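Novice: Got a structure here, written out as C-alpha cells. Questions coming.
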Amino acid sequence: MIIELGHYALVLSLATAIIVSILPMIGAWRGDSAMMTVGTTGTYALFGLTLLSFAALTWGYVVSDFSVQNVYENSHSLKPMLYKITGVWGNHEGSMLLWVLILALFSALVAYFGTNLPDRLKANVLAVQAWISTAFTLFILLTSNPFNRLFPVPAEGRDLNPVLQDIGLAIHPPLLYLGYVGFSVCFSFAIAALIDGRIDAAWARWVRPWTLAAWVFLTAGISMGSYWAYYELGWGGWWFWDPVENASFMPWLLGTAMLHSALVMEKRDALKIWTVLLAIVTFSLSLLGTFLVRSGVLTSVHAFATDPTRGVFILAILIFFVGGALTLFALRAPILKAGGLFQPISREGALVLNNLILTVSTASVLIGTLYPLILESITNEKISVGPPFFNITFGLLMLPLLLALPFGPFLAWKRGDLLGAMQRLYMAASLSLVLGLAFYYFENGGPVLVVPVLALAFFLMFGALADLWYRAGVGKQTAAIAWARFKGLPRSAFGTALAHFGMGVTVLGVVVVMTYETETVVEMKQGMTATAGGYELTFDGLRSATGPNFTEEQGHFTIRKDGHEVADVWSSKRLYTARGMPTTEAGIVTFGLSQLYVSLGDAMEDGGMVIRIWWKPWIICIWLGTVFMMVGGVVSLSDRRLRVGVPKRHAKSVQGVMEPAE
C-alpha cells in the first residue's frame, strides 16, 4: 500500500507541476497577483508530494520489499542498512527520482527565500522550474517507473552493484545532483528575465547566491566522486577523464565562469547578455550530462540506463529546453543593453579573461567527450579520446588563467594599474619561485619544467593571502588598525581568498603526484618485502573473512621506515555472493599529505600474489584544495549582501527601467 501511495503521490506531483508551469506565467502576463501566488503554494505542494513519493520508495528498500521490481534488482536482505538506503539512488529509476526531488527542493527554496523578488519575476522563475519538473516527472512515469510491481514475488533480491556499496555513494550522488539541479535556478532566472525583457544589476545579485550554492555542491560532489573512485576502484587514479566525469566537470567550469561574470554584472552593470547566456549553457550542460549518463550511449561505472527509449526521451527534453532557451535568447538579445564599458586592463578585463579561458577549456573537454560518439554514429568506427589529449589541451589552456588569477583582485574596476598589481605581488612571486626550486631540490630533481608549475601553484596561494594582506593595510598601518581593518573586511573577500588559495593547493597536489608518484608491481609471498616512497612493506600473509553479503581475502602488510615499524595496512579482494562480482578494497596509509596505496592482484600458481604499490606524494592536497574552495564558497554565501539579496524595488524608474532601492 505504501508503494502505491508513493506512485500516486508522483502522479499528483506531475499534475501540480503542470498547474504551476501555466497559471503563474499567465498571472504574470495579466498582472493577476492571485494567479501568481499559485506559483508559491503550488511549489510547496510539489515538493511535499515528491518527498512523499521518494520516502515511499525508500521504505520499500528499508523493509526489503522485493515485490517492487526496483528494490528486487538493486537490494538484498543481508545488505547493511546504510547501503539499503543508498541503493535508492544507486540505480537509474531511483536516481532520477532523487533528481526530481532535489529540483522540487530548489523550487521550494526559491519560493521561500524569494520574498524580495518582484512578483512577476518570481512567478516566471517558479513556472520555468515547474516546466523542468513536468518534463522529468513525465519521463519517470512513462519510461523509468520505480514503483513497478513483480509477480510472483521473489524470495531474495539481486543486490546492489558492489562498487556502489560504499559510504562515498551515500554522499557523492546527492551532492552532485544538488550542483547539477542547482543551476536550474540560474537557468530559470535567465528565462524569466528574457521573457520579461529586462536584465540589470539587481538580477545578477538575485542569481549570484544560487549560482554560488550550486557551485559549492558541485565542487563537493566532484571531489567526493574523485576520492571514491580513487580508494574504491583499486586502480590508484583520482581522475581518468571518463566521459561521465567530464559531464560533471563541464558545468563546474562554466559555473565558475558564471560566478565571475555575474560579479561584473552586479558591480559594473556589464556583461549582461553574456551572463544570461552562461546561465542557459551551464544548465544545458547539466542536462547533457544527464543524457549521457541515463541514455545508455556510454559504458561507465556511473551509467545505469540501457533502454534506448529512455535516451530518446531525455534527448527530446534536452532539445526542448536547450533549443527553446537559445531561441528565446536569440530573439531577446538584440533588444537588451550590453552594459557599461571598461578598459582591458581592469578587474572587469581580468574577469573577462577568466570567462574566455574557462569557456574555451569547457569546449575542449566537450569536443573530446562527444567526438568519439559522433564519429561512431557516422562511421560506426569506435575510437577513444584518453587522458593524454585532455591533459595537454586542458592543461595548456588553464596555465594562463592560473597565472592571471592572483592579479584580478589587485586591479581596480573600470581602469586598473597592472604595474601596481605586479609590485604588490612581487614578494609573493619571489617566494613562490624559491619554494618551487626548494621542492625540486628536496625531491632530488625531476623534469625541469616542473619548477615553474610548482612556483605557479605557490603563487596562487600566496597571491590569495597577499590580497588580504594589502586590503588590511599590514605594513602601512599600525597593528591595531590593520587588525581592525582585517576583521572588517567583507566575508566575500575571505571567501574569494580561500577559494583562490584552495585552487593553488589543488594544483600543487596535481603537479606533485603526477610528477613524483611511483608504481611498483611485484609478485610477493608471505615474508617478502618491497620498497616504495622510502618505505618498506612486508607481506605478512592472507586471511579469510566474511561480511554481511560478501566473502573476502585480506592481505596484511607491515610498513617500516629505516628499519622501524611505523604502520600496518590491510588490503583485500571481495566477492559479493548475490551477484558473484569481485571488488578490490585498497589499503591506504596516510603519511602527512602523502599516501601509500596497496592493492591486491591475482593469485599465482606458485603461491605468490601480485601486489601493486603506489607512492603518491602530496596527493591529499588535491582534495584538501577543494575543501578550501568549498569553505570559501560557504563563507562568501554567508556575506550579508548575498544572504539578504536585493531589497524590493520602489516604484521609481530611470528611463523606464526599475532601479533597486538602496
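A note on labels: chains of the C-alpha cells are A, B, ... as shown, every chain counts residues from 1, and ligands are counted from 1 in their shown order.
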So that I can check the secondary structure, give me every residue of region 358-484 of chain A assigned alpha helix (DSSP H) by backbone DSSP, as a PyMOL selection string.
Specialist: chain A and resi 358-379+387-404+418-424+426-442+450-472+479-484
Novice: At a cut-off of 12 Å, using only C-alpha atoms, what residues contact region 410-426 of chain A? Leave out same-chain residues fewer than 3 positions from it and give the result as a ChimeraX atom specification.
Specialist: /A:263-265,267-270,340-351,403-407,429-433,459-471,473
Novice: Hey, can you spit out that residue selection with N, CA and C atoms as a CSV table (one decimal), in the first residue's frame?
Specialist:
chain,number,residue,atom,x,y,z
A,263,LEU,N,29.4,38.7,-11.1
A,263,LEU,CA,30.0,39.7,-10.2
A,263,LEU,C,30.3,41.0,-11.0
A,264,VAL,N,30.7,40.9,-12.3
A,264,VAL,CA,30.9,42.1,-13.1
A,264,VAL,C,29.6,42.7,-13.4
A,265,MET,N,28.6,41.9,-13.7
A,265,MET,CA,27.3,42.5,-14.0
A,265,MET,C,26.7,43.2,-12.8
A,267,LYS,N,28.4,44.6,-10.2
A,267,LYS,CA,29.2,45.7,-9.8
A,267,LYS,C,29.2,46.8,-10.8
A,268,ARG,N,29.3,46.4,-12.1
A,268,ARG,CA,29.5,47.4,-13.2
A,268,ARG,C,28.4,47.5,-14.2
A,269,ASP,N,27.4,46.6,-14.0
A,269,ASP,CA,26.3,46.6,-15.0
A,269,ASP,C,26.8,46.3,-16.4
A,270,ALA,N,27.8,45.4,-16.4
A,270,ALA,CA,28.4,45.0,-17.7
A,270,ALA,C,28.2,43.5,-17.9
A,340,GLY,N,27.9,48.5,-19.2
A,340,GLY,CA,29.0,49.5,-19.1
A,340,GLY,C,30.2,49.1,-19.8
A,341,LEU,N,31.1,50.1,-20.1
A,341,LEU,CA,32.3,49.9,-20.8
A,341,LEU,C,33.5,49.9,-19.8
A,342,PHE,N,34.6,49.3,-20.2
A,342,PHE,CA,35.8,49.2,-19.3
A,342,PHE,C,37.0,49.0,-20.1
A,343,GLN,N,38.2,49.3,-19.5
A,343,GLN,CA,39.4,49.1,-20.2
A,343,GLN,C,39.9,47.7,-20.1
A,344,PRO,N,40.7,47.2,-21.1
A,344,PRO,CA,41.1,45.8,-21.0
A,344,PRO,C,41.9,45.5,-19.7
A,345,ILE,N,42.8,46.5,-19.3
A,345,ILE,CA,43.5,46.3,-18.0
A,345,ILE,C,42.6,46.9,-16.9
A,346,SER,N,41.8,46.0,-16.3
A,346,SER,CA,40.9,46.4,-15.2
A,346,SER,C,40.4,45.1,-14.6
A,347,ARG,N,39.7,45.2,-13.5
A,347,ARG,CA,39.2,44.0,-12.9
A,347,ARG,C,38.2,43.3,-13.8
A,348,GLU,N,37.4,44.1,-14.5
A,348,GLU,CA,36.4,43.5,-15.4
A,348,GLU,C,37.2,42.8,-16.5
A,349,GLY,N,38.3,43.4,-17.0
A,349,GLY,CA,39.1,42.7,-18.0
A,349,GLY,C,39.6,41.4,-17.6
A,350,ALA,N,40.1,41.3,-16.3
A,350,ALA,CA,40.6,40.1,-15.8
A,350,ALA,C,39.5,39.0,-15.7
A,351,LEU,N,38.3,39.5,-15.3
A,351,LEU,CA,37.2,38.5,-15.2
A,351,LEU,C,36.8,38.1,-16.6
A,403,LEU,N,48.0,31.8,-14.0
A,403,LEU,CA,48.9,32.9,-13.9
A,403,LEU,C,48.3,34.2,-13.7
A,404,ALA,N,47.1,34.5,-14.3
A,404,ALA,CA,46.5,35.8,-14.2
A,404,ALA,C,45.6,35.9,-13.0
A,405,LEU,N,45.2,34.7,-12.4
A,405,LEU,CA,44.3,34.7,-11.3
A,405,LEU,C,44.7,35.6,-10.1
A,406,PRO,N,45.9,35.6,-9.6
A,406,PRO,CA,46.2,36.4,-8.5
A,406,PRO,C,46.2,37.9,-8.8
A,407,PHE,N,46.3,38.3,-10.1
A,407,PHE,CA,46.3,39.7,-10.4
A,407,PHE,C,44.9,40.4,-10.3
A,429,ALA,N,55.5,36.4,-5.7
A,429,ALA,CA,56.1,35.6,-6.8
A,429,ALA,C,57.5,35.2,-6.5
A,430,SER,N,58.3,36.0,-5.8
A,430,SER,CA,59.6,35.6,-5.5
A,430,SER,C,59.7,34.5,-4.5
A,431,LEU,N,58.8,34.5,-3.5
A,431,LEU,CA,58.8,33.5,-2.5
A,431,LEU,C,58.3,32.2,-3.2
A,432,SER,N,57.4,32.3,-4.1
A,432,SER,CA,56.9,31.1,-4.8
A,432,SER,C,57.9,30.4,-5.6
A,433,LEU,N,58.8,31.2,-6.3
A,433,LEU,CA,59.8,30.6,-7.1
A,433,LEU,C,60.9,30.0,-6.2
A,459,PHE,N,52.3,30.5,-6.1
A,459,PHE,CA,51.9,31.8,-6.4
A,459,PHE,C,50.4,32.0,-6.3
A,460,LEU,N,49.6,31.0,-6.6
A,460,LEU,CA,48.2,31.1,-6.4
A,460,LEU,C,47.8,31.3,-4.9
A,461,MET,N,48.5,30.5,-4.1
A,461,MET,CA,48.3,30.5,-2.6
A,461,MET,C,48.7,31.8,-2.0
A,462,PHE,N,50.0,32.2,-2.3
A,462,PHE,CA,50.5,33.5,-1.7
A,462,PHE,C,49.8,34.7,-2.3
A,463,GLY,N,49.4,34.6,-3.6
A,463,GLY,CA,48.6,35.8,-4.1
A,463,GLY,C,47.3,36.0,-3.4
A,464,ALA,N,46.6,34.9,-3.0
A,464,ALA,CA,45.4,35.0,-2.3
A,464,ALA,C,45.6,35.6,-0.9
A,465,LEU,N,46.7,35.2,-0.3
A,465,LEU,CA,47.0,35.8,1.1
A,465,LEU,C,47.4,37.2,0.9
A,466,ALA,N,48.1,37.6,-0.1
A,466,ALA,CA,48.6,38.9,-0.4
A,466,ALA,C,47.4,39.9,-0.5
A,467,ASP,N,46.3,39.4,-1.1
A,467,ASP,CA,45.1,40.2,-1.3
A,467,ASP,C,44.6,40.7,0.1
A,468,LEU,N,44.5,39.7,1.0
A,468,LEU,CA,44.0,40.1,2.4
A,468,LEU,C,45.0,41.0,3.1
A,469,TRP,N,46.3,40.7,2.9
A,469,TRP,CA,47.4,41.4,3.5
A,469,TRP,C,47.3,42.9,3.1
A,470,TYR,N,47.2,43.2,1.9
A,470,TYR,CA,47.1,44.6,1.4
A,470,TYR,C,45.8,45.3,1.7
A,471,ARG,N,44.7,44.5,1.7
A,471,ARG,CA,43.4,45.1,2.0
A,471,ARG,C,43.3,45.5,3.5
A,473,GLY,N,46.0,46.5,5.1
A,473,GLY,CA,46.9,47.6,5.3
A,473,GLY,C,48.1,47.2,6.2
Novice: Which one is closest to Thr290 (chain A): A:Ile22, A:Ala192, A:Leu103, A:Leu315? Count only C-alpha atoms.
Specialist: A:Leu315
Novice: List as a PyMOL selection string the protein and nucleic acid residues near Gly157 (chain A), meaning an atom at most 7 Å away when only C-alpha atoms are counted, but skip any in the same chain fewer than 3 places from it.
Specialist: chain A and resi 66+72-76
Novice: Got time to write the residues from that selection, N, CA and C atoms, as a PDB file, in the first residue's frame?
Specialist:
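Dumped to part_20.pdb:
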ATOM      1  N   PHE A  66      10.626  -6.990  -1.950  1.00  0.00           N
ATOM      2  CA  PHE A  66      11.072  -7.456  -3.252  1.00  0.00           C
ATOM      3  C   PHE A  66       9.923  -7.632  -4.250  1.00  0.00           C
ATOM      4  N   TYR A  72      13.967  -5.230  -5.916  1.00  0.00           N
ATOM      5  CA  TYR A  72      14.487  -6.568  -6.222  1.00  0.00           C
ATOM      6  C   TYR A  72      15.797  -6.485  -7.004  1.00  0.00           C
ATOM      7  N   GLU A  73      15.873  -5.594  -7.967  1.00  0.00           N
ATOM      8  CA  GLU A  73      17.052  -5.524  -8.835  1.00  0.00           C
ATOM      9  C   GLU A  73      18.244  -4.843  -8.177  1.00  0.00           C
ATOM     10  N   ASN A  74      18.034  -4.127  -7.064  1.00  0.00           N
ATOM     11  CA  ASN A  74      19.117  -3.321  -6.520  1.00  0.00           C
ATOM     12  C   ASN A  74      19.294  -3.458  -5.010  1.00  0.00           C
ATOM     13  N   SER A  75      18.726  -4.478  -4.407  1.00  0.00           N
ATOM     14  CA  SER A  75      18.881  -4.619  -2.957  1.00  0.00           C
ATOM     15  C   SER A  75      18.937  -6.095  -2.584  1.00  0.00           C
ATOM     16  N   HIS A  76      19.194  -6.326  -1.315  1.00  0.00           N
ATOM     17  CA  HIS A  76      19.354  -7.690  -0.785  1.00  0.00           C
ATOM     18  C   HIS A  76      19.063  -7.604   0.711  1.00  0.00           C
TER      19      HIS A  76
END
Novice: Leaving out Phe187 (chain A) and any residue of its chain fewer than 6 positions from it, which residues lie within 9 Å of it when counting only C-alpha atoms, given as a ChimeraX atom specification?
Specialist: /A:125,128-129,276,278-284,325
Novice: What are the closest atom pairs, with distances in Å to one decimal, for all residues of region 76-111 of chain A lying within 12 Å of region 575-583 of chain A? Consider only C-alpha atoms, order rows by chain and residue number, and present the result as CSV.
Specialist:
residue,atom,partner,partner_atom,distance
A:His76,CA,A:Ala578,CA,8.0
A:Ser77,CA,A:Ala578,CA,10.5
A:Leu78,CA,A:Ala578,CA,9.8
A:Lys79,CA,A:Ala578,CA,10.2
Novice: Write the residues you've just listed into a file as a PDB file, in the first residue's frame, and include C-alpha atoms for each of them.
Specialist:
ATOM      1  CA  HIS A  76      19.354  -7.690  -0.785  1.00  0.00           C
ATOM      2  CA  SER A  77      18.017  -8.563   2.651  1.00  0.00           C
ATOM      3  CA  LEU A  78      21.546  -9.101   4.043  1.00  0.00           C
ATOM      4  CA  LYS A  79      22.829  -5.747   2.813  1.00  0.00           C
TER       5      LYS A  79
END
Novice: Just want the 10 Å neighbourhood of Gly625 (chain A), counted on only C-alpha atoms, with same-chain residues fewer than 6 positions away dropped. Output as a ChimeraX atom specification.
Specialist: /A:223,498-509,631
Novice: Residues near region 226-236 of chain A, anyone? I mean within 6 Å using only C-alpha atoms, not counting same-chain ones fewer than 6 positions away, as a list in words.
Specialist: Gly168, Thr584 and Ala586 of chain A
Novice: Could you write out the selected residues, including C-alpha atoms, as a PDB file, in the first residue's frame?
Specialist:
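Below is the file that was written, selection_5.pdb:
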ATOM      1  CA  GLY A 168      31.087   7.553  -0.758  1.00  0.00           C
ATOM      2  CA  THR A 584      39.249  -4.733  -4.724  1.00  0.00           C
ATOM      3  CA  ALA A 586      42.700  -0.928  -1.470  1.00  0.00           C
TER       4      ALA A 586
END
Novice: Smallest atom-to-atom distance to Ala17 (chain A): which of A:Ser64, A:Pro174, A:Ser133, A:Leu396, using only C-alpha atoms?
Specialist: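 Ranked by minimum distance to Ala17 (chain A), first place goes to A:Ser133.
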Novice: Find the residues near Ala56 (chain A): any atom within 6 Å, counting only C-alpha atoms, skip ones fewer than 5 places away on the same chain, and give them as a PyMOL selection string.
Specialist: chain A and resi 2-3+6
Novice: Those selected residues, please, written with N, CA and C atoms and delivered as a tab-separated table (two decimals), in the first residue's frame.
Specialist:
chain	number	residue	atom	x	y	z
A	2	ILE	N	1.96	1.22	0.75
A	2	ILE	CA	2.83	2.40	0.80
A	2	ILE	C	3.45	2.67	-0.57
A	3	ILE	N	3.81	1.60	-1.29
A	3	ILE	CA	4.38	1.77	-2.63
A	3	ILE	C	3.36	2.42	-3.57
A	6	GLY	N	3.17	6.03	-2.86
A	6	GLY	CA	4.28	6.78	-3.46
A	6	GLY	C	4.06	7.01	-4.94
Novice: Find the residue from A:Ile588, A:Leu437, A:Leu194, A:Ile622 that sits nearest to Val513 (chain A); use only C-alpha atoms when measuring.
Specialist: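 Of all the options, A:Ile622 lies closest to Val513 (chain A).
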Novice: Looking at only C-alpha atoms, which of A:Gly237, A:Gly607, A:Gly179, A:Gly289 is the one that sits closest to Phe106 (chain A)?
Specialist: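 Selected residue with least distance to Phe106 (chain A): A:Gly179.
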